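Notes follow once the structure below has been shown.
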Amino acid sequence: MGLHEKDKVRDSLLDDVFASADLSTSLSKYRLPDREHDPRHIYQVVRDELLLDGNSRQNLATFCQTWLEPEIHRLMEDCIDKNMIDKDEYPQTAEIESRCVHMLADLWNSPAADNTIGCSTTGSSEAAMLGGLALLWRWRKRMKAQGKPADRPNLVTGPVQICWHKFTRYWDVEHREVPLEGDRLMMTAEQAVEYCDENTIAVVPTLGLTFTCAYEPVREISEALDRLEKDTGLSVPIHVDAASGGFLAPFVDPDMVWDFRLERVKSVNASGHKFGLAPLGVGWVIWRDKDYLPDDLIFRVNYLGGDMPTFALNFSRPGGQIVAQYYNFLRLGREGYRKIQQACYETAAWLADAIGKMGPFEIIYDGRGGIPGLCWKLKEDQDHPFTLYDMADRLRGRGWQVPAYSMPKNRQDLVIQRILVRHGVSRDLASLLLDDMRRALEHFEKRPVSIPMTEKEVGGFKHS
Ligand SMILES: *Cc1c(COP(=O)(O)O)cnc(C)c1O
């Protein structure tokens with residue numbers, strides 16, 4: 001380097017990030033730039049852009065984890081290079097996944113945890129897809145064995161999360177979603193049976209509905225299907241979508257029977273990244289017995305070395321989430337999970353009581369008996385100077401996400417608002433939200449909304 005260039009180098013090393021040549025112009029947004037940039041500068045820009053995202057801790061809409069112990073952050077960093085699919089290269093990550101499967105089978109009272117089979121997924125959506133496929137394959141095989149047509153499968157559910165709509169559409173399965181009626185905002189045993197016939201691949205009750213947070217009555221549904229079998233010979237299996245409940249009920253309500261204690265429950269999915277307290281990107285699906293996962297759905301790969309069975313939609317996937325899930329299991333044990341979930345339940349019930357007392361709201365689910373959360377509607381016998389969409393929009397101004405949305409058919413007329421209380425939503429944070437809700441009510445009293453907002457204007461809502 002010529003001596004005369006030294007000053008130029010010195011300048012660029014000492015430049016303030018925002019005074020640098022990189023950042024004194026607007027960076028390329030939709031076209032890959034021609035030249036490279038200083039990592040320090042680009043890190044700053046990307047980070048700043050993320051400021052415009054919502055603050056996840058104030059997102060009371062999501063079921064997913066937004067607070068994680070520092071040790072989990074470290075393990076995620078330690079695992080950044082681990083591809084969980086490569087079981088030959090990372091046998092210990094594979095072993096840890098297998099331990100998690102067995103712990104879950106045991107937690108969900110599998111009668112023969114040894115003979116149980118299951119795997120991690122990217123979340124409950126992939127887990128539901130795998131669970132649904134196994135049911136579809138088994139049903140087809142049974143119909144063919146009986147010499148019957150196997151081209152018109154159907155699936156019976158209550159008001160389910162979107163993943164089941166995807167499953168039925170992608171695989172051309174008729175979706176028999178039991179319509180809601182009046183105050184009945186879920187599928188009950190009576191309807192489940194009514195919608196079944198010999199083309200039903202399964203009934204899928206949800207342990208923790210995304211719309212109201214309530215549990216569908218798995219045990220009653222199972223008993224009703226037992227009676228159906230006794231009367232007609234028709235045997236319909238159950239898959240439980242326990243995305244949330246799978247990590248709640250075993251800890252806070254261990255006597256509630258919804259899991260493999262029911263003979264008819266053949267498979268269960270749950271989201272590790274929801275009440276499993278793992279970071280985003282892990283779910284689980286478990287079959288009560290190897291027999292319920294048809295062999296022709298399992299692929300064996302050997303080109304990474306070894307002979308590895310895999311059943312998954314993805315191939316390469318990060319291993320960190322699985323390792324973090326295992327960390328949680330060891331770190332918390334049943335005691336730790338119970339304490340965390342119990343604290344959430346108490347805060348949810350406390351919030352429901354406080355919001356019920358505010359005046360305009362009628363509590364639909366009060367945080368007791370389902371997921372730690374709550375939901376409400378506007379009282380029907382009064383006029384209100386706002387809609388729940390206006391309330392959601394007003395709270396958004398303070399950073400809170402408290403979604404308002406309409407129910408599925410036949411109660412699309414019913415608009416409700418919901419709060420999820422999860423790990424990290426402390427009593428103190430909840431009381432700050434209550435203050436903001438009261439301020440919003442005062443605002444609407446003084447300045448009634450003349451043209452109310454609609455669901456379309458607030459952009460709809462996805463139940464994640
Ligand atoms: C969240 C949720 C899903 C989808 O799970 P992901 O882990 O987000 O893929 C499915 N079913 C229910 C009941 C849920 O709450």
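In the structure tokens, chains take the letters A, B, ... in the order shown, each chain's residues start at 1, and ligands count up from 1 in the order shown.
The protein and nucleic acid residues lying at most 10 Å from Met129 of chain A are A:Ser124, A:Ser125, A:Glu126, A:Ala127, A:Gly131, A:Gly132, A:Leu133, A:Ala134, A:Leu135, A:Cys163, A:Trp164, A:Lys166, A:Phe167, A:Thr168, A:Tyr170, A:Trp171, A:Asn269, A:Val285, A:Ala312, A:Leu313, with only C-alpha atoms considered and sequence neighbours fewer than 2 positions away removed.
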Can those selected residues be exported to a file as a compact mmCIF listing (two decimals), in the first residue's frame so that it contains all heavy atoms?
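Saved the output as out-v8.txt:
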# COMPACT_ATOMS: atom_id res chain seq x y z
N SER A 124 -46.72 -27.79 14.55
CA SER A 124 -47.91 -28.65 14.49
C SER A 124 -48.45 -28.78 13.07
O SER A 124 -49.11 -29.76 12.75
CB SER A 124 -49.00 -28.13 15.42
OG SER A 124 -48.79 -28.59 16.72
N SER A 125 -48.20 -27.79 12.22
CA SER A 125 -48.74 -27.89 10.86
C SER A 125 -48.15 -29.08 10.13
O SER A 125 -48.88 -29.87 9.52
CB SER A 125 -48.45 -26.62 10.07
OG SER A 125 -48.94 -25.51 10.75
N GLU A 126 -46.83 -29.22 10.18
CA GLU A 126 -46.21 -30.38 9.54
C GLU A 126 -46.63 -31.66 10.27
O GLU A 126 -46.90 -32.69 9.64
CB GLU A 126 -44.68 -30.25 9.52
CG GLU A 126 -44.02 -31.36 8.69
CD GLU A 126 -42.50 -31.41 8.80
OE1 GLU A 126 -41.91 -30.60 9.55
OE2 GLU A 126 -41.91 -32.28 8.15
N ALA A 127 -46.72 -31.58 11.59
CA ALA A 127 -47.10 -32.76 12.38
C ALA A 127 -48.51 -33.22 12.00
O ALA A 127 -48.78 -34.42 11.88
CB ALA A 127 -47.01 -32.45 13.87
N GLY A 131 -49.62 -36.75 10.48
CA GLY A 131 -50.65 -37.53 11.17
C GLY A 131 -51.80 -37.83 10.22
O GLY A 131 -52.30 -38.96 10.15
N GLY A 132 -52.21 -36.82 9.46
CA GLY A 132 -53.32 -36.99 8.51
C GLY A 132 -52.97 -37.98 7.42
O GLY A 132 -53.79 -38.82 7.04
N LEU A 133 -51.74 -37.92 6.92
CA LEU A 133 -51.32 -38.84 5.86
C LEU A 133 -51.37 -40.29 6.34
O LEU A 133 -51.85 -41.17 5.63
CB LEU A 133 -49.89 -38.51 5.41
CG LEU A 133 -49.77 -37.36 4.41
CD1 LEU A 133 -48.31 -37.03 4.17
CD2 LEU A 133 -50.46 -37.73 3.10
N ALA A 134 -50.89 -40.52 7.55
CA ALA A 134 -50.89 -41.88 8.09
C ALA A 134 -52.33 -42.39 8.17
O ALA A 134 -52.61 -43.55 7.82
CB ALA A 134 -50.22 -41.91 9.46
N LEU A 135 -53.25 -41.51 8.60
CA LEU A 135 -54.66 -41.92 8.70
C LEU A 135 -55.24 -42.23 7.32
O LEU A 135 -55.96 -43.21 7.13
CB LEU A 135 -55.48 -40.80 9.35
CG LEU A 135 -55.18 -40.57 10.84
CD1 LEU A 135 -55.69 -39.21 11.29
CD2 LEU A 135 -55.77 -41.69 11.68
N CYS A 163 -54.17 -25.48 9.43
CA CYS A 163 -53.36 -26.61 8.94
C CYS A 163 -54.23 -27.77 8.49
O CYS A 163 -53.87 -28.50 7.56
CB CYS A 163 -52.33 -27.05 9.98
SG CYS A 163 -53.01 -27.81 11.45
N TRP A 164 -55.41 -27.95 9.12
CA TRP A 164 -56.28 -29.07 8.72
C TRP A 164 -57.02 -28.74 7.43
O TRP A 164 -57.35 -29.64 6.65
CB TRP A 164 -57.25 -29.43 9.85
CG TRP A 164 -56.49 -30.00 11.00
CD1 TRP A 164 -56.17 -29.36 12.17
CD2 TRP A 164 -55.89 -31.31 11.09
NE1 TRP A 164 -55.41 -30.19 12.97
CE2 TRP A 164 -55.24 -31.38 12.35
CE3 TRP A 164 -55.85 -32.41 10.23
CZ2 TRP A 164 -54.54 -32.53 12.75
CZ3 TRP A 164 -55.17 -33.55 10.64
CH2 TRP A 164 -54.52 -33.60 11.89
N LYS A 166 -55.55 -27.10 5.12
CA LYS A 166 -54.49 -27.40 4.15
C LYS A 166 -54.43 -28.90 3.90
O LYS A 166 -54.37 -29.34 2.76
CB LYS A 166 -53.14 -26.92 4.67
CG LYS A 166 -52.99 -25.43 4.67
CD LYS A 166 -51.55 -25.09 5.02
CE LYS A 166 -51.33 -23.60 5.02
NZ LYS A 166 -49.96 -23.28 5.46
N PHE A 167 -54.42 -29.67 4.97
CA PHE A 167 -54.32 -31.12 4.80
C PHE A 167 -55.44 -31.63 3.89
O PHE A 167 -55.18 -32.36 2.93
CB PHE A 167 -54.38 -31.85 6.15
CG PHE A 167 -54.57 -33.33 5.99
CD1 PHE A 167 -53.53 -34.14 5.56
CD2 PHE A 167 -55.81 -33.92 6.22
CE1 PHE A 167 -53.72 -35.50 5.36
CE2 PHE A 167 -56.00 -35.28 6.02
CZ PHE A 167 -54.96 -36.07 5.59
N THR A 168 -56.68 -31.23 4.19
CA THR A 168 -57.79 -31.79 3.40
C THR A 168 -57.73 -31.29 1.95
O THR A 168 -58.00 -32.05 1.03
CB THR A 168 -59.16 -31.47 4.03
OG1 THR A 168 -59.26 -30.06 4.22
CG2 THR A 168 -59.34 -32.20 5.34
N TYR A 170 -54.96 -30.21 0.19
CA TYR A 170 -53.79 -30.75 -0.52
C TYR A 170 -53.97 -32.23 -0.89
O TYR A 170 -53.45 -32.69 -1.89
CB TYR A 170 -52.51 -30.62 0.32
CG TYR A 170 -52.04 -29.19 0.59
CD1 TYR A 170 -51.00 -28.97 1.48
CD2 TYR A 170 -52.62 -28.10 -0.03
CE1 TYR A 170 -50.55 -27.67 1.74
CE2 TYR A 170 -52.18 -26.81 0.23
CZ TYR A 170 -51.15 -26.61 1.12
OH TYR A 170 -50.71 -25.34 1.39
N TRP A 171 -54.68 -32.96 -0.04
CA TRP A 171 -54.80 -34.41 -0.27
C TRP A 171 -56.18 -34.82 -0.75
O TRP A 171 -56.49 -36.00 -0.77
CB TRP A 171 -54.39 -35.18 1.00
CG TRP A 171 -52.98 -34.86 1.34
CD1 TRP A 171 -52.55 -33.97 2.26
CD2 TRP A 171 -51.81 -35.35 0.69
NE1 TRP A 171 -51.19 -33.87 2.23
CE2 TRP A 171 -50.71 -34.72 1.27
CE3 TRP A 171 -51.60 -36.29 -0.35
CZ2 TRP A 171 -49.39 -34.97 0.87
CZ3 TRP A 171 -50.30 -36.54 -0.75
CH2 TRP A 171 -49.22 -35.88 -0.14
N ASN A 269 -50.56 -34.63 17.90
CA ASN A 269 -49.52 -33.65 17.55
C ASN A 269 -49.50 -32.52 18.58
O ASN A 269 -50.52 -32.25 19.23
CB ASN A 269 -49.75 -33.06 16.16
CG ASN A 269 -50.96 -32.13 16.10
OD1 ASN A 269 -52.08 -32.59 15.85
ND2 ASN A 269 -50.75 -30.85 16.33
N VAL A 285 -45.06 -35.19 16.49
CA VAL A 285 -46.20 -36.08 16.22
C VAL A 285 -45.80 -37.47 16.72
O VAL A 285 -44.68 -37.92 16.50
CB VAL A 285 -46.61 -36.09 14.73
CG1 VAL A 285 -45.47 -36.44 13.80
CG2 VAL A 285 -47.80 -37.04 14.49
N ALA A 312 -41.00 -37.16 6.96
CA ALA A 312 -41.04 -35.71 7.16
C ALA A 312 -41.31 -35.06 5.83
O ALA A 312 -41.08 -35.66 4.78
CB ALA A 312 -39.71 -35.22 7.72
N LEU A 313 -41.81 -33.84 5.85
CA LEU A 313 -42.00 -33.12 4.60
C LEU A 313 -40.71 -32.41 4.21
O LEU A 313 -40.39 -32.26 3.05
CB LEU A 313 -43.14 -32.11 4.72
CG LEU A 313 -44.51 -32.71 5.04
CD1 LEU A 313 -45.56 -31.62 5.08
CD2 LEU A 313 -44.90 -33.77 4.02
Hey, which residues sit close to ligand 1? Say within 8 Å, counting only C-alpha atoms and all ligand atoms, and write them as a CSV table (one decimal) with N, CA and C atoms, in the first residue's frame.
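The resulting file, pocket_5.csv, is shown below:
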chain,number,residue,atom,x,y,z
A,63,PHE,N,-49.5,-17.9,20.1
A,63,PHE,CA,-49.3,-19.0,21.0
A,63,PHE,C,-47.8,-19.3,21.2
A,64,CYS,N,-47.0,-18.7,20.3
A,64,CYS,CA,-45.6,-19.1,20.2
A,64,CYS,C,-44.7,-18.4,21.2
A,122,THR,N,-41.4,-29.2,12.0
A,122,THR,CA,-41.2,-27.8,12.1
A,122,THR,C,-42.3,-27.1,13.0
A,123,GLY,N,-43.3,-27.8,13.2
A,123,GLY,CA,-44.4,-27.3,14.1
A,123,GLY,C,-45.6,-28.2,14.0
A,124,SER,N,-46.7,-27.8,14.5
A,124,SER,CA,-47.9,-28.7,14.5
A,124,SER,C,-48.5,-28.8,13.1
A,125,SER,N,-48.2,-27.8,12.2
A,125,SER,CA,-48.7,-27.9,10.9
A,125,SER,C,-48.2,-29.1,10.1
A,126,GLU,N,-46.8,-29.2,10.2
A,126,GLU,CA,-46.2,-30.4,9.5
A,126,GLU,C,-46.6,-31.7,10.3
A,127,ALA,N,-46.7,-31.6,11.6
A,127,ALA,CA,-47.1,-32.8,12.4
A,127,ALA,C,-48.5,-33.2,12.0
A,128,ALA,N,-49.4,-32.2,11.8
A,128,ALA,CA,-50.8,-32.6,11.4
A,128,ALA,C,-50.8,-33.2,10.0
A,160,VAL,N,-61.3,-25.9,13.3
A,160,VAL,CA,-59.9,-26.2,13.4
A,160,VAL,C,-59.0,-25.1,12.9
A,161,GLN,N,-57.7,-25.3,13.3
A,161,GLN,CA,-56.7,-24.4,12.8
A,161,GLN,C,-56.5,-24.6,11.3
A,162,ILE,N,-55.9,-23.7,10.6
A,162,ILE,CA,-55.8,-23.7,9.1
A,162,ILE,C,-55.1,-24.9,8.6
A,163,CYS,N,-54.2,-25.5,9.4
A,163,CYS,CA,-53.4,-26.6,8.9
A,163,CYS,C,-54.2,-27.8,8.5
A,164,TRP,N,-55.4,-28.0,9.1
A,164,TRP,CA,-56.3,-29.1,8.7
A,164,TRP,C,-57.0,-28.7,7.4
A,206,THR,N,-59.7,-30.9,18.9
A,206,THR,CA,-58.6,-30.0,19.2
A,206,THR,C,-58.5,-29.8,20.7
A,207,LEU,N,-57.4,-30.0,21.3
A,207,LEU,CA,-57.2,-29.7,22.7
A,207,LEU,C,-56.6,-28.3,22.8
A,208,GLY,N,-57.5,-27.4,22.8
A,208,GLY,CA,-57.1,-26.0,22.8
A,208,GLY,C,-57.4,-25.3,21.5
A,209,LEU,N,-58.7,-24.9,21.3
A,209,LEU,CA,-59.2,-24.3,20.0
A,209,LEU,C,-58.5,-23.0,19.9
A,210,THR,N,-58.1,-22.7,18.6
A,210,THR,CA,-57.4,-21.4,18.4
A,210,THR,C,-58.4,-20.2,18.5
A,241,ASP,N,-55.4,-33.0,17.9
A,241,ASP,CA,-54.6,-31.8,17.7
A,241,ASP,C,-54.4,-31.2,19.0
A,242,ALA,N,-53.3,-31.5,19.7
A,242,ALA,CA,-53.0,-31.0,21.0
A,242,ALA,C,-51.9,-29.9,20.9
A,243,ALA,N,-51.9,-29.1,19.8
A,243,ALA,CA,-50.9,-28.1,19.6
A,243,ALA,C,-50.5,-27.4,20.9
A,244,SER,N,-51.5,-26.9,21.6
A,244,SER,CA,-51.3,-26.2,22.8
A,244,SER,C,-51.5,-27.2,24.0
A,270,ALA,N,-48.3,-31.9,18.7
A,270,ALA,CA,-48.2,-30.8,19.6
A,270,ALA,C,-47.1,-29.8,19.1
A,271,SER,N,-47.2,-28.6,19.5
A,271,SER,CA,-46.2,-27.6,19.1
A,271,SER,C,-45.2,-27.4,20.2
A,272,GLY,N,-44.0,-27.8,20.0
A,272,GLY,CA,-42.9,-27.6,21.0
A,272,GLY,C,-42.7,-26.1,21.2
A,273,HIS,N,-42.9,-25.3,20.1
A,273,HIS,CA,-42.6,-23.9,20.3
A,273,HIS,C,-43.8,-23.1,20.8
A,274,LYS,N,-44.9,-23.8,21.2
A,274,LYS,CA,-46.0,-23.1,21.9
A,274,LYS,C,-45.7,-23.4,23.4
A,281,GLY,N,-39.9,-23.2,15.7
A,281,GLY,CA,-39.5,-24.1,14.7
A,281,GLY,C,-39.5,-25.6,15.1
A,282,VAL,N,-40.3,-26.0,16.1
A,282,VAL,CA,-40.3,-27.4,16.5
A,282,VAL,C,-41.7,-27.8,16.9
A,283,GLY,N,-42.1,-29.0,16.4
A,283,GLY,CA,-43.4,-29.6,16.8
A,283,GLY,C,-43.2,-31.1,16.9
A,463,HIS,N,-54.5,-17.6,12.9
A,463,HIS,CA,-54.3,-18.1,14.2
A,463,HIS,C,-52.9,-18.9,14.3
A,464,SER,N,-51.9,-18.2,14.8
A,464,SER,CA,-50.6,-18.9,14.9
A,464,SER,C,-50.3,-19.3,16.3
**Prompt:** So which bits of segment 70-303 of chain A end up helix (DSSP H, G or I) when you DSSP the backbone, as number ranges by chain?
**Reply:** A: 70-78, 91-107, 113-115, 124-145, 162-170, 189-194, 218-232, 245-247, 249-252, 290-292, 295-297
**Asked** Any idea what's packed within 7 Å of segment 399-404 of chain A, counting only C-alpha atoms, ignoring anything in its chain fewer than 5 positions away? Could you give it as a PyMOL selection string?
**Response** chain A and resi 54-55+58-61+388-389+392+415-419
**One-decimal distance in Å that lies between atom CA of Asn199 of chain A and atom CA of Thr232 of chain A** =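 That distance, rounded to one decimal, is 13.9 Å.
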**Prompt:** Between atom CA of Ser431 of chain A and atom CA of Val252 of chain A, what is the distance, to one decimal in Å?
**Reply:**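 Those two atoms sit 24.1 Å apart.
Within segment 274-307 of chain A, residues classed as strand (DSSP E) by DSSP on backbone coordinates are Gly283, Trp284, Val285, Ile286, Trp287, Phe299, Arg300 and Val301 of chain A.
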For those residues, write all heavy atoms to a file as a CSV table (one decimal), in the first residue's frame.
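Dumped everything to again_29.csv:
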chain,number,residue,atom,x,y,z
A,283,GLY,N,-42.1,-29.0,16.4
A,283,GLY,CA,-43.4,-29.6,16.8
A,283,GLY,C,-43.2,-31.1,16.9
A,283,GLY,O,-42.0,-31.6,16.6
A,284,TRP,N,-44.2,-31.8,17.2
A,284,TRP,CA,-44.0,-33.3,17.5
A,284,TRP,C,-45.3,-34.0,17.0
A,284,TRP,O,-46.4,-33.5,17.1
A,284,TRP,CB,-43.8,-33.5,19.0
A,284,TRP,CG,-42.6,-32.8,19.5
A,284,TRP,CD1,-42.6,-31.6,20.1
A,284,TRP,CD2,-41.2,-33.3,19.4
A,284,TRP,NE1,-41.3,-31.3,20.4
A,284,TRP,CE2,-40.4,-32.3,20.0
A,284,TRP,CE3,-40.6,-34.4,18.9
A,284,TRP,CZ2,-39.1,-32.4,20.1
A,284,TRP,CZ3,-39.3,-34.6,19.0
A,284,TRP,CH2,-38.5,-33.6,19.6
A,285,VAL,N,-45.1,-35.2,16.5
A,285,VAL,CA,-46.2,-36.1,16.2
A,285,VAL,C,-45.8,-37.5,16.7
A,285,VAL,O,-44.7,-37.9,16.5
A,285,VAL,CB,-46.6,-36.1,14.7
A,285,VAL,CG1,-45.5,-36.4,13.8
A,285,VAL,CG2,-47.8,-37.0,14.5
A,286,ILE,N,-46.7,-38.1,17.4
A,286,ILE,CA,-46.5,-39.4,18.1
A,286,ILE,C,-47.6,-40.3,17.7
A,286,ILE,O,-48.8,-39.9,17.8
A,286,ILE,CB,-46.4,-39.3,19.6
A,286,ILE,CG1,-45.5,-38.1,20.0
A,286,ILE,CG2,-45.9,-40.6,20.2
A,286,ILE,CD1,-44.0,-38.4,20.2
A,287,TRP,N,-47.3,-41.6,17.3
A,287,TRP,CA,-48.3,-42.6,17.1
A,287,TRP,C,-48.2,-43.6,18.3
A,287,TRP,O,-47.1,-43.9,18.8
A,287,TRP,CB,-48.0,-43.3,15.8
A,287,TRP,CG,-48.3,-42.5,14.6
A,287,TRP,CD1,-49.5,-42.5,13.9
A,287,TRP,CD2,-47.4,-41.6,13.9
A,287,TRP,NE1,-49.4,-41.5,12.9
A,287,TRP,CE2,-48.1,-41.0,12.9
A,287,TRP,CE3,-46.1,-41.2,14.2
A,287,TRP,CZ2,-47.6,-40.1,12.0
A,287,TRP,CZ3,-45.5,-40.2,13.3
A,287,TRP,CH2,-46.3,-39.7,12.3
A,299,PHE,N,-39.3,-43.3,4.4
A,299,PHE,CA,-38.3,-43.4,3.4
A,299,PHE,C,-37.0,-43.7,4.1
A,299,PHE,O,-36.7,-43.3,5.2
A,299,PHE,CB,-38.1,-42.0,2.7
A,299,PHE,CG,-39.2,-41.7,1.7
A,299,PHE,CD1,-40.4,-41.2,2.1
A,299,PHE,CD2,-39.0,-42.0,0.3
A,299,PHE,CE1,-41.5,-41.0,1.2
A,299,PHE,CE2,-40.0,-41.7,-0.6
A,299,PHE,CZ,-41.3,-41.2,-0.1
A,300,ARG,N,-36.2,-44.5,3.4
A,300,ARG,CA,-34.9,-44.8,4.0
A,300,ARG,C,-33.8,-44.2,3.1
A,300,ARG,O,-33.8,-44.4,1.9
A,300,ARG,CB,-34.7,-46.3,4.0
A,300,ARG,CG,-35.6,-46.9,5.1
A,300,ARG,CD,-35.6,-48.4,5.2
A,300,ARG,NE,-36.9,-48.7,5.9
A,300,ARG,CZ,-37.1,-48.7,7.2
A,300,ARG,NH1,-36.1,-48.3,8.0
A,300,ARG,NH2,-38.3,-48.9,7.7
A,301,VAL,N,-33.0,-43.4,3.7
A,301,VAL,CA,-31.9,-42.7,2.9
A,301,VAL,C,-30.6,-43.3,3.4
A,301,VAL,O,-30.4,-43.5,4.6
A,301,VAL,CB,-31.9,-41.2,3.1
A,301,VAL,CG1,-33.2,-40.6,2.4
A,301,VAL,CG2,-31.9,-40.7,4.5
